[in-house]
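Visitor: Handing over input.txt, compact mmCIF, C-alpha atoms.
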# COMPACT_ATOMS: atom_id res chain seq x y z
CA MET G 1 -8.63 -74.08 -3.80
CA VAL G 2 -10.04 -76.29 -1.04
CA SER G 3 -8.73 -79.82 -0.58
CA VAL G 4 -11.64 -81.92 0.69
CA ILE G 5 -10.30 -84.91 2.63
CA ILE G 6 -12.58 -87.90 3.16
CA SER G 7 -11.40 -90.90 5.16
CA THR G 8 -13.54 -93.98 4.71
CA TYR G 9 -13.76 -97.56 5.94
CA ASN G 10 -16.42 -100.08 4.91
CA ARG G 11 -19.11 -97.50 4.21
CA CYS G 12 -19.43 -97.57 0.44
CA ASN G 13 -23.15 -96.63 0.45
CA LEU G 14 -22.76 -93.78 2.93
CA LEU G 15 -19.60 -92.59 1.18
CA LYS G 16 -21.53 -92.07 -2.04
CA ARG G 17 -23.90 -89.64 -0.29
CA ALA G 18 -20.98 -87.74 1.25
CA ILE G 19 -19.20 -87.38 -2.10
CA GLU G 20 -22.39 -86.24 -3.82
CA SER G 21 -22.79 -83.51 -1.20
CA VAL G 22 -19.35 -82.18 -2.19
CA LEU G 23 -20.18 -82.29 -5.89
CA ARG G 24 -23.31 -80.20 -5.18
CA GLN G 25 -21.29 -77.36 -3.60
CA THR G 26 -21.91 -73.86 -4.94
CA TYR G 27 -18.19 -73.21 -4.50
CA LYS G 28 -16.43 -75.10 -7.28
CA GLY G 29 -12.75 -74.53 -6.47
CA TYR G 30 -12.09 -77.87 -4.79
CA GLU G 31 -10.40 -81.22 -5.13
CA ILE G 32 -11.60 -84.38 -3.36
CA ILE G 33 -9.05 -86.69 -1.75
CA ILE G 34 -10.49 -90.05 -0.68
CA ILE G 35 -8.41 -92.21 1.65
CA ASP G 36 -9.78 -95.76 1.78
CA ASP G 37 -8.58 -97.34 5.02
CA ALA G 38 -8.35 -100.90 3.62
CA SER G 39 -12.10 -101.38 3.18
CA ASN G 40 -13.26 -104.88 2.26
CA ASP G 41 -16.85 -104.05 1.26
CA GLY G 42 -16.19 -103.23 -2.38
CA THR G 43 -15.46 -99.54 -1.81
CA SER G 44 -12.49 -99.61 -4.20
CA LYS G 45 -14.50 -101.12 -7.06
CA ILE G 46 -17.41 -98.72 -6.59
CA ILE G 47 -15.13 -95.68 -6.55
CA ASN G 48 -13.09 -96.76 -9.56
CA ASP G 49 -16.21 -97.68 -11.53
CA SER G 50 -18.67 -94.90 -10.71
CA LEU G 51 -16.21 -92.03 -10.20
CA LYS G 52 -13.74 -92.84 -12.96
CA PRO G 53 -14.54 -89.73 -15.06
CA LEU G 54 -13.85 -87.47 -12.05
CA ILE G 55 -10.70 -89.41 -11.20
CA ASP G 56 -9.47 -89.12 -14.78
CA LYS G 57 -10.24 -85.40 -14.71
CA GLY G 58 -8.30 -84.95 -11.46
CA THR G 59 -11.27 -83.70 -9.42
CA ILE G 60 -11.03 -86.82 -7.26
CA ARG G 61 -7.85 -88.53 -6.12
CA TYR G 62 -8.20 -91.96 -4.55
CA TYR G 63 -5.72 -93.65 -2.21
CA ARG G 64 -6.10 -97.03 -0.56
CA ASN G 65 -4.21 -98.28 2.50
CA GLU G 66 -3.07 -101.89 2.38
CA THR G 67 -3.87 -102.28 6.09
CA ASN G 68 -6.27 -100.44 8.37
CA ARG G 69 -4.48 -97.42 9.87
CA GLU G 70 -7.36 -95.49 11.50
CA ARG G 71 -8.76 -92.06 10.68
CA SER G 72 -5.93 -89.81 11.90
CA PHE G 73 -3.41 -91.52 9.63
CA CYS G 74 -5.82 -91.18 6.70
CA ARG G 75 -6.48 -87.50 7.29
CA ASN G 76 -2.76 -86.83 7.65
CA LEU G 77 -2.10 -88.61 4.37
CA GLY G 78 -4.79 -86.49 2.76
CA MET G 79 -3.21 -83.27 4.02
CA LYS G 80 0.21 -84.41 2.85
CA GLU G 81 -1.15 -84.97 -0.66
CA ALA G 82 -3.36 -81.85 -0.69
CA LYS G 83 -2.78 -79.09 -3.22
CA GLY G 84 -5.29 -76.60 -1.86
CA GLU G 85 -4.87 -73.42 0.15
CA TYR G 86 -7.52 -74.65 2.58
CA PHE G 87 -8.17 -78.14 3.98
CA ALA G 88 -11.70 -79.33 4.75
CA PHE G 89 -12.66 -82.67 6.32
CA LEU G 90 -15.81 -84.66 5.67
CA ASP G 91 -16.62 -87.84 7.57
CA ASP G 92 -17.92 -90.57 5.29
CA ASP G 93 -21.27 -90.78 7.13
CA ASP G 94 -21.95 -87.01 7.10
CA GLU G 95 -22.94 -84.65 4.33
CA TRP G 96 -22.61 -80.96 3.51
CA LEU G 97 -25.35 -78.60 2.50
CA PRO G 98 -24.58 -76.88 -0.84
CA ASN G 99 -23.32 -73.63 0.73
CA HIS G 100 -20.80 -75.18 3.13
CA LEU G 101 -17.56 -74.43 1.30
CA GLU G 102 -18.75 -71.08 -0.04
CA ASN G 103 -19.71 -69.94 3.45
CA LEU G 104 -16.46 -70.89 5.17
CA VAL G 105 -14.10 -69.93 2.35
CA LYS G 106 -15.64 -66.46 2.36
CA PHE G 107 -15.19 -66.30 6.15
CA LEU G 108 -11.50 -67.19 5.87
CA ASP G 109 -10.96 -64.84 2.92
CA ASP G 110 -12.56 -61.99 4.87
CA ASN G 111 -10.59 -62.80 8.04
CA PRO G 112 -6.94 -63.50 7.20
CA ASP G 113 -6.07 -63.66 10.91
CA VAL G 114 -8.26 -66.76 11.40
CA GLY G 115 -6.56 -70.17 11.15
CA VAL G 116 -9.63 -72.37 11.47
CA ALA G 117 -13.30 -71.60 10.81
CA PHE G 118 -16.44 -73.57 11.70
CA SER G 119 -20.02 -73.56 10.63
CA ASN G 120 -23.05 -74.59 12.60
CA CYS G 121 -24.59 -77.96 11.76
CA TYR G 122 -27.60 -80.17 12.21
CA GLU G 123 -27.33 -83.39 14.18
CA VAL G 124 -29.50 -85.94 12.40
CA PHE G 125 -30.63 -89.07 14.24
CA GLU G 126 -31.58 -92.49 12.84
CA ASP G 127 -35.28 -91.89 13.51
CA GLY G 128 -35.21 -88.72 11.39
CA ARG G 129 -35.12 -86.24 14.26
CA LYS G 130 -32.89 -83.24 13.72
CA ARG G 131 -31.49 -80.62 16.10
CA LEU G 132 -29.24 -77.61 15.73
CA PHE G 133 -25.82 -78.51 17.11
CA TYR G 134 -24.61 -75.13 18.39
CA ALA G 135 -27.73 -73.34 19.59
CA GLY G 136 -27.44 -69.68 20.56
CA ILE G 137 -23.82 -69.11 19.46
CA LYS G 138 -23.39 -66.07 17.23
CA THR G 139 -21.07 -65.63 14.26
CA GLY G 140 -17.72 -64.22 15.35
CA LYS G 141 -14.05 -64.78 15.99
CA GLY G 142 -11.51 -64.29 18.74
CA LYS G 143 -10.64 -65.38 22.24
CA TRP G 144 -14.07 -66.64 23.29
CA TYR G 145 -14.24 -68.99 20.29
CA ARG G 146 -10.68 -70.16 20.93
CA ASP G 147 -11.66 -71.05 24.49
CA LEU G 148 -14.64 -73.03 23.21
CA CYS G 149 -12.31 -75.13 21.03
CA ILE G 150 -10.03 -75.90 23.95
CA ASP G 151 -13.04 -76.64 26.12
CA ARG G 152 -14.36 -79.54 23.97
CA TYR G 153 -17.18 -77.78 22.14
CA PHE G 154 -16.30 -77.40 18.45
CA ILE G 155 -15.52 -81.02 17.77
CA THR G 156 -17.60 -81.94 14.73
CA GLY G 157 -15.06 -83.18 12.21
CA SER G 158 -17.12 -82.30 9.13
CA ALA G 159 -17.80 -78.68 10.10
CA TYR G 160 -14.42 -76.94 9.96
CA ILE G 161 -11.82 -75.74 7.47
CA ILE G 162 -8.19 -74.96 8.27
CA ARG G 163 -5.58 -73.01 6.35
CA GLY G 164 -2.81 -75.08 4.82
CA GLU G 165 -0.27 -73.11 6.83
CA VAL G 166 -1.76 -74.56 10.02
CA TYR G 167 -0.72 -78.03 8.91
CA GLU G 168 2.71 -76.73 7.89
CA LYS G 169 3.27 -75.20 11.34
CA LEU G 170 1.55 -77.66 13.69
CA GLY G 171 1.51 -80.91 11.76
CA GLY G 172 -1.52 -83.12 11.55
CA PHE G 173 -3.71 -85.24 13.78
CA LYS G 174 -2.24 -87.18 16.68
CA GLU G 175 -2.62 -90.87 15.91
CA GLY G 176 -4.11 -93.20 18.50
CA LEU G 177 -6.77 -90.77 19.76
CA GLU G 178 -9.66 -91.95 17.56
CA PRO G 179 -12.55 -91.20 17.66
CA SER G 180 -11.65 -88.05 19.65
CA GLU G 181 -8.69 -86.86 17.58
CA ASP G 182 -10.55 -83.68 16.55
CA ARG G 183 -10.64 -82.50 20.16
CA GLU G 184 -6.88 -82.55 20.54
CA TYR G 185 -6.19 -81.09 17.08
CA LEU G 186 -8.64 -78.23 17.42
CA ALA G 187 -7.38 -77.36 20.90
CA ARG G 188 -3.82 -77.35 19.53
CA ILE G 189 -4.85 -75.07 16.68
CA ALA G 190 -6.74 -72.74 19.04
CA MET G 191 -3.60 -72.36 21.17
CA ASN G 192 -1.78 -70.97 18.13
CA TYR G 193 -4.34 -69.34 15.83
CA ASN G 194 -7.43 -67.21 15.90
CA VAL G 195 -10.70 -69.12 15.59
CA GLY G 196 -13.79 -68.12 13.63
CA TYR G 197 -17.36 -69.38 13.61
CA SER G 198 -20.38 -68.96 11.33
CA HIS G 199 -23.84 -69.56 12.82
CA ILE G 200 -25.19 -70.66 9.41
CA PRO G 201 -25.82 -74.43 9.53
CA THR G 202 -24.14 -76.07 6.51
CA VAL G 203 -23.52 -79.65 7.71
CA CYS G 204 -25.66 -82.68 8.51
CA LYS G 205 -23.83 -84.70 11.16
CA ARG G 206 -25.27 -88.19 11.31
CA THR G 207 -25.62 -89.88 14.70
CA HIS G 208 -26.25 -93.59 14.33
CA SER G 209 -25.49 -96.99 15.84
CA GLY G 210 -22.77 -97.65 13.26
CA SER G 211 -20.73 -94.54 14.02
CA TYR G 212 -17.15 -94.97 15.22
CA ALA G 213 -17.94 -93.63 18.70
CA HIS G 214 -20.96 -95.91 19.13
CA LEU G 215 -18.89 -98.95 18.21
CA ARG G 216 -16.39 -98.29 21.02
CA LEU G 217 -16.94 -99.52 24.55
CA GLN G 218 -17.55 -96.77 27.10
CA LYS G 219 -14.34 -97.64 28.95
CA GLU G 220 -12.34 -97.43 25.69
CA LEU G 221 -13.80 -94.00 24.98
CA ALA G 222 -12.96 -92.82 28.49
CA ILE G 223 -9.34 -93.96 28.16
CA VAL G 224 -8.99 -92.23 24.77
CA ARG G 225 -10.46 -88.99 26.12
CA GLU G 226 -8.09 -89.20 29.06
CA LYS G 227 -5.20 -89.37 26.57
CA VAL G 228 -6.63 -86.34 24.75
CA TRP G 229 -6.68 -84.43 28.03
CA TRP G 230 -3.04 -85.32 28.70
CA GLU G 231 -2.10 -84.09 25.23
CA ILE G 232 -3.96 -80.82 25.75
CA LYS G 233 -2.17 -80.24 29.05
CA GLU G 234 1.20 -80.88 27.41
CA ASN G 235 0.34 -78.59 24.51
CA SER G 236 -0.63 -75.80 26.90
CA LYS G 237 2.91 -75.94 28.31
CA ARG G 238 4.54 -76.38 24.91
CA PHE G 239 2.79 -73.36 23.42
CA SER G 240 2.79 -71.24 26.62
CA CYS G 241 -0.99 -71.15 26.64
CA PRO G 242 -2.14 -71.64 30.26
CA LEU G 243 -5.51 -73.34 30.65
CA LYS G 244 -8.19 -71.34 32.43
CA PRO G 245 -9.42 -72.94 35.69
CA ARG G 246 -12.96 -73.19 34.32
CA ILE G 247 -11.70 -75.02 31.20
CA LYS G 248 -9.62 -77.40 33.32
CA CYS G 249 -12.65 -78.07 35.46
CA GLY G 250 -14.84 -78.75 32.44
CA TRP G 251 -12.43 -81.35 31.10
CA LEU G 252 -12.02 -83.01 34.49
CA LEU G 253 -15.78 -83.23 35.02
CA HIS G 254 -16.10 -84.63 31.51
CA LEU G 255 -13.59 -87.38 32.37
CA SER G 256 -15.24 -88.04 35.71
CA LEU G 257 -18.54 -88.69 33.96
CA ASN G 258 -16.90 -90.73 31.17
CA PHE G 259 -15.31 -93.15 33.63
CA LEU G 260 -18.57 -94.15 35.30
CA PRO G 261 -19.18 -96.78 36.65
CA ASP G 262 -15.48 -96.91 37.65
CA LEU G 263 -15.99 -95.03 40.92
CA ASP G 264 -12.27 -94.75 41.73
CA LYS G 265 -11.55 -92.92 38.47
CA THR G 266 -14.77 -90.92 38.75
CA ARG G 267 -13.86 -89.71 42.26
CA HIS G 268 -10.28 -88.97 41.17
CA TYR G 269 -11.31 -86.61 38.40
CA LEU G 270 -14.24 -85.16 40.34
CA MET G 271 -11.93 -84.12 43.18
CA LYS G 272 -9.48 -82.61 40.71
CA ALA G 273 -12.33 -80.65 39.12
CA LEU G 274 -13.45 -79.25 42.47
CA LYS G 275 -9.88 -78.23 43.23
CA ALA G 276 -9.36 -76.61 39.82
CA TYR G 277 -12.52 -74.48 40.01
CA PRO G 278 -14.36 -74.62 43.37
CA PRO G 279 -17.47 -72.73 42.14
CA CYS G 280 -18.28 -75.77 39.99
CA VAL G 281 -19.79 -77.34 43.10
CA LEU G 282 -22.88 -75.26 42.28
CA TRP G 283 -23.21 -76.69 38.77
CA MET G 284 -25.95 -79.24 38.23
CA SER G 285 -23.54 -81.61 36.46
CA THR G 286 -21.23 -81.57 39.49
CA LEU G 287 -24.08 -82.16 41.91
CA ARG G 288 -25.29 -85.14 39.88
CA LEU G 289 -21.79 -86.65 39.93
CA LEU G 290 -21.46 -86.07 43.67
CA LEU G 291 -24.73 -87.91 44.22
CA ARG G 292 -23.57 -90.83 42.04
CA VAL G 293 -20.30 -91.08 43.95
CA CYS G 294 -21.80 -90.75 47.41
CA LEU G 295 -24.80 -93.04 47.04
Here is the file; what I need is its structure written in the form of structure tokens.
Guide:
Amino acid sequence: MVSVIISTYNRCNLLKRAIESVLRQTYKGYEIIIIDDASNDGTSKIINDSLKPLIDKGTIRYYRNETNRERSFCRNLGMKEAKGEYFAFLDDDDEWLPNHLENLVKFLDDNPDVGVAFSNCYEVFEDGRKRLFYAGIKTGKGKWYRDLCIDRYFITGSAYIIRGEVYEKLGGFKEGLEPSEDREYLARIAMNYNVGYSHIPTVCKRTHSGSYAHLRLQKELAIVREKVWWEIKENSKRFSCPLKPRIKCGWLLHLSLNFLPDLDKTRHYLMKALKAYPPCVLWMSTLRLLLRVCL
């Protein structure tokens, strides 16, 4: 069985669409765990009224925090209460295509050495535009996909499933890293487990002005991502998983760009990136940063 964990806060209309996308799944062996993070928009009433038959049946379990605790706490609570063999996460503003669970459960069943599996997804914008999120990446598993997780790529919270044993061994999400908690958790998992990926797009990831990331100030996001980087460095020591120079460089360039227009921080991380992997000086992203810093 798959335990589908949905954390929600003040998005009762969007939440309905997300839940309906789970109920349309071709794979029926699931339970839905909704963690309401102290919403004040009527979410509780809507869930208890419109979903009562499914709650009574046990298909949906609903929990409500008395105070707002943020997404990592909610997801961890969901995993603690989960009864399934696999854990899947769905953000309340995203939705799954009907084959999402079937596709990834089959992948995990066919590959018992894989601890976390992803599917491709569509990024859907407010104006209706849609693009494939992971273009050109083929279905597979192994070291290359593990490196991608550590190097910030597979970060879409609604597109992956983990085995329950991963939670038992590594614990849950690190609190205080929202909205980038997936980056740290997935890197931690990739340092300990094999990683699998399916190129079949089964998720619609919504990008909109009301998303958690868009509501944060750029400086706040930069500080959070800096904390994520520190956690990843510590985890690499803890799990004896040295970071490749190119991966270090990618993270450092990412932070350098995130801290703009703070030129002191930008220069600090840019210099560290050049030291970690000197060939990056030939990358277009590095050249653009150098021009921003020097001009």
Visitor: Applying 6 Å and only C-alpha atoms, which residues near Ala273 in chain G remain after dropping the ones on its own chain fewer than 6 positions away? List them as an MDAnalysis selection string.
Guide: chainID G and resid 249 252:253
Visitor: Using only C-alpha atoms for the distances, tell me which of G:Ser180, G:Arg17, G:Cys12, G:Asp147 is nearest to Asn48 in chain G.
Guide: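 For Asn48 in chain G, the nearest of the candidates is G:Cys12.
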Visitor: Pick out the closest residue to Leu260 in chain G from this set: G:Asp36, G:Leu221, G:Pro245, G:Lys272. Count only C-alpha atoms.
Guide: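 Looking at the shortest contact to Leu260 in chain G, the residue is G:Leu221.
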Visitor: Counting all atoms listed in the file, what is within 12 Å of range 275-285 of chain G, bar same-chain residues fewer than 5 positions away, as JSON, numbers by chain?
Guide: {"G": [243, 244, 245, 246, 247, 248, 249, 250, 251, 252, 253, 254, 256, 257, 268, 269, 270, 290, 291, 292]}
Visitor: Would you compute the distance between CA of Ala222 in chain G and CA of Ala190 in chain G? Give it in Å to one decimal.
Guide: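 Taking CA of Ala222 in chain G and CA of Ala190 in chain G, their separation equals 23.0 Å.
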